[in-house]
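Written below as C-alpha cells is the structure these notes are about.
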Amino acid sequence: MLTFQTPPTLQLSFAPKQSPQIAFSSKNASLALQNSNNNQLIQSLCKQGNLKQALRILPNESKPTQQTYEFLILSCIGRNSLSDGLDVHRHIVENGFDQDPFLATKLINMYSHFNSIDNARYVFDKTRERTVFVWNALIRALALAGRGEEALSLYGQMNQNGIPSDRFTYPYILKACVSSSYSSISLLHKVKEIHGHILRHGFESHVHVATTLVDVYARYGYVAQAAQLFDEMPERNVVSWSAMIACYAKNGRPSEALELFREMIAKTQSDVPNSVTMVSVLQACAALAALGQVKLMHGYVLRRGLDSILPVINALVSTYAKCGCLEIALRVFDRMNRRDVVSWNSMISGYGLHGFGVEAVQVFRRMIGSGISPSSITFVSVLGACSHIGLVDEGKKLFKSMVSQHGIFPSAEHYACLVDLLGRAGRLEEAIRIIEEMRIEPGPTVWGSLLGACRIHCNVELAERATHRLIKLEPTNAGNYVLLADTYAEAKKWDEVSRVKKLLEAQGLQKVPGCSWIEIKKKIYSFISVDEINSQIEQLHALLVQLVMEMKEKGYVPETKFVLYELDQSEKEQIVLGHSEKLAVAFGLINTSKGETIRISKNLRLCEDCHSFTKFVTKFTERDILVRDVNRFHHFRDGICSCGDYW
DNA sequence: ATAGGGTTAG
C-alpha cells in the first residue's frame, strides 16, 4: 500500500487551518467562484503574489482540478519559491491528486527547477502509473543536475520495465552521458551504445535527436563523427547548423566553421542564422584572428538586427580584442547599455591580451564598483593580465581577495595563473612553494605554468621536476617534452636534449609545428616553419636573407640558444630564419602597403629570435607589426615591442 | 505536457 510519507528532504509544514486573513473575504471569494471558475480566482491571487492565500482558499471554497494545480505549480516555478512548491505538493496529496501522472510530471519538473532532486525522485517513486512523461521528466531532472549515471540507470530500468522510450528520451539520455563522470573512453563507448539504441528505434533522422548527437560527439572532439551525422541528416534547421558550426569553432577548425556558415547562407532560405549561430561564427573569427572577417560578420549582425543581444555583443567585444583591435572592442563595450559579468570579463581579458595590465585591473575595479559580482573566470582574466605585465604584488593581492572579499575558492586554473605570475617574474622558488602548499590537486595547468617559467629562466632542475609530473598527467602532450628539451638546449645539455627527443619519438609523438598566418584582403595565408627552403617560399626567403644581412649591420644578432640541434652558428641561424613568423612577416611586407599595420598570428609562443627580428624589422622598414602569439599580442613599432620584452 | 545549438580564461 502506497501512502504519502514525508521523506527527510521533503519538509512539508502543514499550514494551520485557520480562516485566511485576507483582503478578500471568504464571501467575496465564494461570489467570485460562482461567477467564474475557480482557476480564475486562484490565478488572480497568484498574480497578486498571494500564493499562500490561494492555497488556503483552495480546499474550503472550491473543487480544484488538475488544471488548477498545474497552474499553481507553474506559478511556484515563476516565483522561484520552493516553499510554495512544497505547499502545493502537499495540497495535491491531500486532495487526492497524488496519483495523477500529469501532475507528477509537472512536480518532477518543478523540483528539477529547484534542483531538489530527492524530492523529484520521491514523486517518481510514489507514482504508480508511470507514463513515458514521468520517466522522461526524472531522466531530464537527473541529467540536468549532473547526475548522469543515475539518469542512465533509470533509462536501463525503463527498458527493463518495457516502457518504450520516445524521441524526447534520447536528447535527455545523451545529455546524461555528458553530465556523467565517466572517463572519456568509457563515455565514448556509452554514447555509441546510446547511438545504437537510437538507430534501432529509428530516431536517428529525428532533427532534435540527431542535433543532440552532433553536439555530443562535438563536445568530445569527435569532429568527423559529428560531421558525418550532420551530412546524413535528412532534415536540418538553424539549430543543427549552429551545432555543427560550433563544433568546428570549438575544435580548432575555425576555417571550416566559417565555410559552413557561408554554406548555410547560400543553401537554405529557411534556416536563417540567429544570435546563437553568430556567437559561434565570431568565435571562429577570433580563433583565426581574422579582423576582416569579423568586420564582415559585424555587418551581418547589424543587418539582421542581432546587435542588441547581449551574448552577441559580448562575443563582438572579445572577438575584436582577440583580432588585435582593442579600440573597436572598447568602443563596442562603452556603448553597451547593459553589461553582464561576461561583458566585463571580455574587456578585462582584452586588456590583458594586449599587455595593458593596469587598465585591466582598473576595469576590474569599475566592475566591482558597478555592483557586478566577479566570477571565477574574472579572476583568471585579471590574474592573467597581471602576469603578462609582471604586476606581481597586485596579482598576489587579487588572488588573496578571491576568498576574503568575493567568496570564490581558487581552482587549479587560478593557481596556474599565480604560478605563471611568479614564475615569469623569475620567482620560481616562491612558485614551487605555492604548488607544494596547494590544498587541491595541482593539475596539468599548474605544472605547465611552472615548466613554462622554467623554460624562460632556464631552470633545469625545476623543469625536470615539472615535466616528471606532467608526463604522468598528460602523457601525449608533446609540448611538455619540447619545453624541457628547450631548457636543456639553452643549458647546452646536448645529451639530455637527444634523450628527450628519443623519448618523444618512442611514443610516436611529434612536436607541434610552428604555424603563422596573415589575413590579406580578407584571405588567410598560412606558413609552417621549415628547416629547409622550398620553391614556394623562395621569394620570401630571399627577402629575409637580405633583411637579415642589412639588419645585422645595424646590430641585429640572431638568437639561437634554444635550437634543438648541436650545430654551428650559421646552421642555427638558417633554422631560425625558417620560422613561420618570419615568413609571414616577409609575406606581409610584400603584400601590404606602407603605413598599413601588418597583423600576424602564431600558434605557439613567439621565440626570442623572431621577437628581436621583428623589432628590428619595424625599425628598419618603418612599419608597424602586430603579432598575436598563443598567449598575447605584441605591438612592434620603431624597434620596440609593447610587451617590453617580458612575455 | 517533455526535446536540440551560443558568450568570458589559460
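Letters for chains follow the order of the C-alpha cells (A, B, ...), residue numbers begin at 1 for each chain, and ligand numbers begin at 1 in the order shown.
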
Any chance you could list, as a PyMOL selection string, the residues in segment 40-243 of chain A that come up helix (DSSP H, G or I) when DSSP is run on the backbone?
chain A and resi 40-47+51-61+66-79+82-94+101-113+117-126+132-144+148-160+169-178+184-200+207-219+223-232+238-243

Dump as number ranges by chain the residues of chain A that approach chain B to within 6 Å, counting only C-alpha atoms (C1' of nucleotides).
A: 168, 208, 211-212, 239, 242-243, 276, 279, 311, 315, 342, 345-346, 377, 380-381

Pull N, CA, C and O atoms from the residues just selected and write them as an mmCIF file, in the first residue's frame.
data_model
loop_
_atom_site.group_PDB
_atom_site.id
_atom_site.type_symbol
_atom_site.label_atom_id
_atom_site.label_comp_id
_atom_site.auth_asym_id
_atom_site.auth_seq_id
_atom_site.Cartn_x
_atom_site.Cartn_y
_atom_site.Cartn_z
ATOM 1 N N PHE A 168 11.770 12.057 -27.189
ATOM 2 C CA PHE A 168 12.131 13.027 -26.152
ATOM 3 C C PHE A 168 13.156 12.433 -25.191
ATOM 4 O O PHE A 168 13.916 13.157 -24.555
ATOM 5 N N HIS A 208 15.791 16.757 -33.581
ATOM 6 C CA HIS A 208 16.297 17.054 -32.236
ATOM 7 C C HIS A 208 17.299 16.010 -31.775
ATOM 8 O O HIS A 208 18.323 16.336 -31.176
ATOM 9 N N THR A 211 20.559 16.321 -33.827
ATOM 10 C CA THR A 211 21.318 17.505 -33.436
ATOM 11 C C THR A 211 22.033 17.277 -32.107
ATOM 12 O O THR A 211 23.189 17.665 -31.936
ATOM 13 N N THR A 212 21.337 16.639 -31.183
ATOM 14 C CA THR A 212 21.988 16.367 -29.895
ATOM 15 C C THR A 212 23.175 15.430 -30.090
ATOM 16 O O THR A 212 24.220 15.603 -29.456
ATOM 17 N N VAL A 239 19.195 25.220 -35.663
ATOM 18 C CA VAL A 239 19.914 24.665 -34.504
ATOM 19 C C VAL A 239 20.948 23.629 -34.951
ATOM 20 O O VAL A 239 22.076 23.610 -34.461
ATOM 21 N N SER A 242 23.843 25.443 -36.435
ATOM 22 C CA SER A 242 24.607 26.118 -35.380
ATOM 23 C C SER A 242 25.445 25.114 -34.596
ATOM 24 O O SER A 242 26.590 25.422 -34.228
ATOM 25 N N ALA A 243 24.888 23.949 -34.339
ATOM 26 C CA ALA A 243 25.621 22.940 -33.569
ATOM 27 C C ALA A 243 26.879 22.519 -34.326
ATOM 28 O O ALA A 243 27.953 22.372 -33.746
ATOM 29 N N VAL A 276 22.642 32.780 -31.765
ATOM 30 C CA VAL A 276 23.472 31.653 -31.323
ATOM 31 C C VAL A 276 24.466 31.267 -32.410
ATOM 32 O O VAL A 276 25.651 31.044 -32.141
ATOM 33 N N VAL A 279 27.313 33.842 -32.540
ATOM 34 C CA VAL A 279 28.295 33.764 -31.463
ATOM 35 C C VAL A 279 29.389 32.756 -31.825
ATOM 36 O O VAL A 279 30.585 33.028 -31.668
ATOM 37 N N PRO A 311 24.735 38.321 -25.541
ATOM 38 C CA PRO A 311 25.832 37.390 -25.866
ATOM 39 C C PRO A 311 26.525 37.734 -27.183
ATOM 40 O O PRO A 311 27.735 37.516 -27.320
ATOM 41 N N ALA A 315 30.406 38.693 -27.494
ATOM 42 C CA ALA A 315 31.275 37.974 -28.430
ATOM 43 C C ALA A 315 32.019 38.967 -29.320
ATOM 44 O O ALA A 315 33.189 38.761 -29.650
ATOM 45 N N VAL A 342 30.010 38.556 -18.149
ATOM 46 C CA VAL A 342 30.774 38.136 -19.336
ATOM 47 C C VAL A 342 31.299 39.357 -20.091
ATOM 48 O O VAL A 342 32.441 39.365 -20.557
ATOM 49 N N ASN A 345 34.268 40.544 -18.162
ATOM 50 C CA ASN A 345 35.377 39.596 -18.321
ATOM 51 C C ASN A 345 36.031 39.744 -19.696
ATOM 52 O O ASN A 345 37.255 39.671 -19.822
ATOM 53 N N SER A 346 35.200 39.941 -20.714
ATOM 54 C CA SER A 346 35.733 40.057 -22.073
ATOM 55 C C SER A 346 36.665 41.264 -22.177
ATOM 56 O O SER A 346 37.727 41.204 -22.801
ATOM 57 N N ILE A 377 35.992 33.141 -13.660
ATOM 58 C CA ILE A 377 36.698 33.499 -14.897
ATOM 59 C C ILE A 377 37.250 34.929 -14.818
ATOM 60 O O ILE A 377 38.307 35.230 -15.365
ATOM 61 N N VAL A 380 40.605 34.603 -13.435
ATOM 62 C CA VAL A 380 41.579 34.075 -14.397
ATOM 63 C C VAL A 380 42.024 35.207 -15.323
ATOM 64 O O VAL A 380 43.212 35.374 -15.607
ATOM 65 N N SER A 381 41.058 36.018 -15.760
ATOM 66 C CA SER A 381 41.370 37.096 -16.695
ATOM 67 C C SER A 381 42.259 38.151 -16.055
ATOM 68 O O SER A 381 43.253 38.573 -16.652
#

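You can rank A:Ala485, A:Ser612, A:Ile42, A:Ile518 by their closest distance to Lys502 of chain A using only C-alpha atoms, and at the top of that list sits A:Ala485.
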
Two-atom distance - atom CA of Leu51 of chain A, atom CA of Met110 of chain A (Å)
15.6 Å

What lies within 12 Å of segment 435-445 of chain A using only C-alpha atoms (C1' of nucleotides), ignoring chain neighbours under 5 positions off, as a ChimeraX atom specification?
/A:409-420,422-423,428-430,450-452,466-475,477,479-480 /B:9-10

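Counting only C-alpha atoms (C1' of nucleotides), Asp486 of chain A has the following residues at most 9 Å away, ignoring those fewer than 2 positions along the same chain: A:Arg455, A:Cys458, A:Tyr481, A:Val482, A:Leu483, A:Leu484, A:Tyr488, A:Ala489, A:Glu490, A:Ala491, A:Val497, A:Lys561, A:Phe562, A:Val563, A:Leu564.
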
Could you take the residues named above and write them with all heavy atoms, as a compact mmCIF listing (two decimals), in the first residue's frame?
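selection_2.txt, written as the output of this step:
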# COMPACT_ATOMS: atom_id res chain seq x y z
N ARG A 455 61.42 27.24 -18.42
CA ARG A 455 61.98 27.37 -19.76
C ARG A 455 62.48 28.82 -19.99
O ARG A 455 63.57 29.03 -20.49
CB ARG A 455 60.92 26.98 -20.77
CG ARG A 455 60.96 27.61 -22.11
CD ARG A 455 62.02 26.99 -23.01
NE ARG A 455 62.22 27.81 -24.19
CZ ARG A 455 62.95 28.90 -24.24
NH1 ARG A 455 63.59 29.33 -23.15
NH2 ARG A 455 63.06 29.59 -25.34
N CYS A 458 65.45 29.26 -17.64
CA CYS A 458 66.46 28.20 -17.77
C CYS A 458 66.78 27.53 -16.43
O CYS A 458 67.93 27.44 -16.02
CB CYS A 458 67.73 28.76 -18.41
SG CYS A 458 68.86 27.46 -18.94
N TYR A 481 57.43 17.90 -23.42
CA TYR A 481 58.76 17.38 -23.73
C TYR A 481 59.59 18.47 -24.42
O TYR A 481 60.78 18.63 -24.15
CB TYR A 481 58.66 16.18 -24.66
CG TYR A 481 57.94 14.98 -24.09
CD1 TYR A 481 56.56 14.85 -24.20
CD2 TYR A 481 58.66 13.97 -23.45
CE1 TYR A 481 55.91 13.74 -23.69
CE2 TYR A 481 58.01 12.85 -22.94
CZ TYR A 481 56.63 12.75 -23.06
OH TYR A 481 55.99 11.66 -22.55
N VAL A 482 58.92 19.20 -25.31
CA VAL A 482 59.64 20.21 -26.08
C VAL A 482 60.17 21.31 -25.17
O VAL A 482 61.31 21.75 -25.31
CB VAL A 482 58.75 20.79 -27.20
CG1 VAL A 482 59.46 21.92 -27.92
CG2 VAL A 482 58.36 19.70 -28.20
N LEU A 483 59.33 21.72 -24.21
CA LEU A 483 59.77 22.77 -23.28
C LEU A 483 60.98 22.31 -22.47
O LEU A 483 61.93 23.07 -22.24
CB LEU A 483 58.63 23.16 -22.34
CG LEU A 483 57.59 24.12 -22.91
CD1 LEU A 483 56.41 24.25 -21.95
CD2 LEU A 483 58.19 25.48 -23.19
N LEU A 484 60.95 21.05 -22.06
CA LEU A 484 62.09 20.51 -21.31
C LEU A 484 63.33 20.50 -22.20
O LEU A 484 64.42 20.92 -21.79
CB LEU A 484 61.78 19.10 -20.80
CG LEU A 484 62.90 18.44 -19.99
CD1 LEU A 484 63.20 19.20 -18.70
CD2 LEU A 484 62.56 16.98 -19.67
N TYR A 488 66.96 22.31 -21.72
CA TYR A 488 68.26 21.63 -21.82
C TYR A 488 69.14 22.28 -22.87
O TYR A 488 70.35 22.46 -22.68
CB TYR A 488 68.06 20.15 -22.18
CG TYR A 488 67.61 19.27 -21.03
CD1 TYR A 488 66.62 18.30 -21.23
CD2 TYR A 488 68.20 19.37 -19.77
CE1 TYR A 488 66.22 17.47 -20.19
CE2 TYR A 488 67.81 18.54 -18.73
CZ TYR A 488 66.81 17.58 -18.94
OH TYR A 488 66.43 16.77 -17.92
N ALA A 489 68.52 22.62 -24.02
CA ALA A 489 69.30 23.19 -25.12
C ALA A 489 69.94 24.50 -24.70
O ALA A 489 71.11 24.75 -24.97
CB ALA A 489 68.41 23.39 -26.35
N GLU A 490 69.15 25.32 -24.01
CA GLU A 490 69.70 26.60 -23.58
C GLU A 490 70.85 26.38 -22.59
O GLU A 490 71.82 27.13 -22.57
CB GLU A 490 68.62 27.48 -22.96
CG GLU A 490 69.17 28.85 -22.63
CD GLU A 490 68.11 29.88 -22.28
OE1 GLU A 490 66.92 29.62 -22.53
OE2 GLU A 490 68.51 30.92 -21.76
N ALA A 491 70.71 25.30 -21.78
CA ALA A 491 71.77 24.99 -20.81
C ALA A 491 72.90 24.19 -21.46
O ALA A 491 73.81 23.73 -20.77
CB ALA A 491 71.17 24.22 -19.64
N VAL A 497 69.13 16.70 -24.29
CA VAL A 497 68.25 17.09 -25.40
C VAL A 497 67.92 15.88 -26.25
O VAL A 497 66.75 15.60 -26.54
CB VAL A 497 68.90 18.19 -26.29
CG1 VAL A 497 68.06 18.43 -27.54
CG2 VAL A 497 69.06 19.49 -25.52
N LYS A 561 70.01 30.26 -29.10
CA LYS A 561 70.40 29.41 -27.96
C LYS A 561 69.42 28.24 -27.72
O LYS A 561 69.76 27.29 -27.05
CB LYS A 561 70.51 30.26 -26.70
CG LYS A 561 69.22 30.91 -26.26
CD LYS A 561 69.44 31.83 -25.06
CE LYS A 561 68.13 32.47 -24.66
NZ LYS A 561 68.31 33.52 -23.68
N PHE A 562 68.22 28.33 -28.26
CA PHE A 562 67.22 27.28 -27.98
C PHE A 562 67.06 26.30 -29.14
O PHE A 562 66.18 25.46 -29.13
CB PHE A 562 65.87 27.92 -27.66
CG PHE A 562 65.52 28.97 -28.66
CD1 PHE A 562 64.93 28.62 -29.86
CD2 PHE A 562 65.85 30.31 -28.42
CE1 PHE A 562 64.66 29.59 -30.80
CE2 PHE A 562 65.57 31.27 -29.37
CZ PHE A 562 64.98 30.92 -30.56
N VAL A 563 67.90 26.43 -30.18
CA VAL A 563 67.81 25.50 -31.30
C VAL A 563 68.18 24.10 -30.81
O VAL A 563 69.19 23.92 -30.14
CB VAL A 563 68.72 25.92 -32.47
CG1 VAL A 563 68.74 24.84 -33.54
CG2 VAL A 563 68.22 27.23 -33.06
N LEU A 564 67.31 23.14 -31.12
CA LEU A 564 67.46 21.82 -30.54
C LEU A 564 68.50 20.94 -31.23
O LEU A 564 68.45 19.73 -31.10
CB LEU A 564 66.11 21.09 -30.55
CG LEU A 564 65.05 21.62 -29.59
CD1 LEU A 564 63.83 20.74 -29.61
CD2 LEU A 564 65.60 21.70 -28.18

Mind pulling up the distance from atom CA of Arg128 of chain A to atom CA of Ser83 of chain A?
25.2 Å

Compile the contact shell of Phe356 of chain A as JSON, numbers by chain: residues with an atom at most 12 Å away, counting only C-alpha atoms (C1' of nucleotides), same-chain residues fewer than 5 positions apart removed.
{"A": [321, 326, 347, 348, 349, 350, 351, 361, 362, 363, 381, 382, 384, 385, 386, 387, 388, 389, 390, 391, 632, 633, 634, 635, 642, 643, 644]}
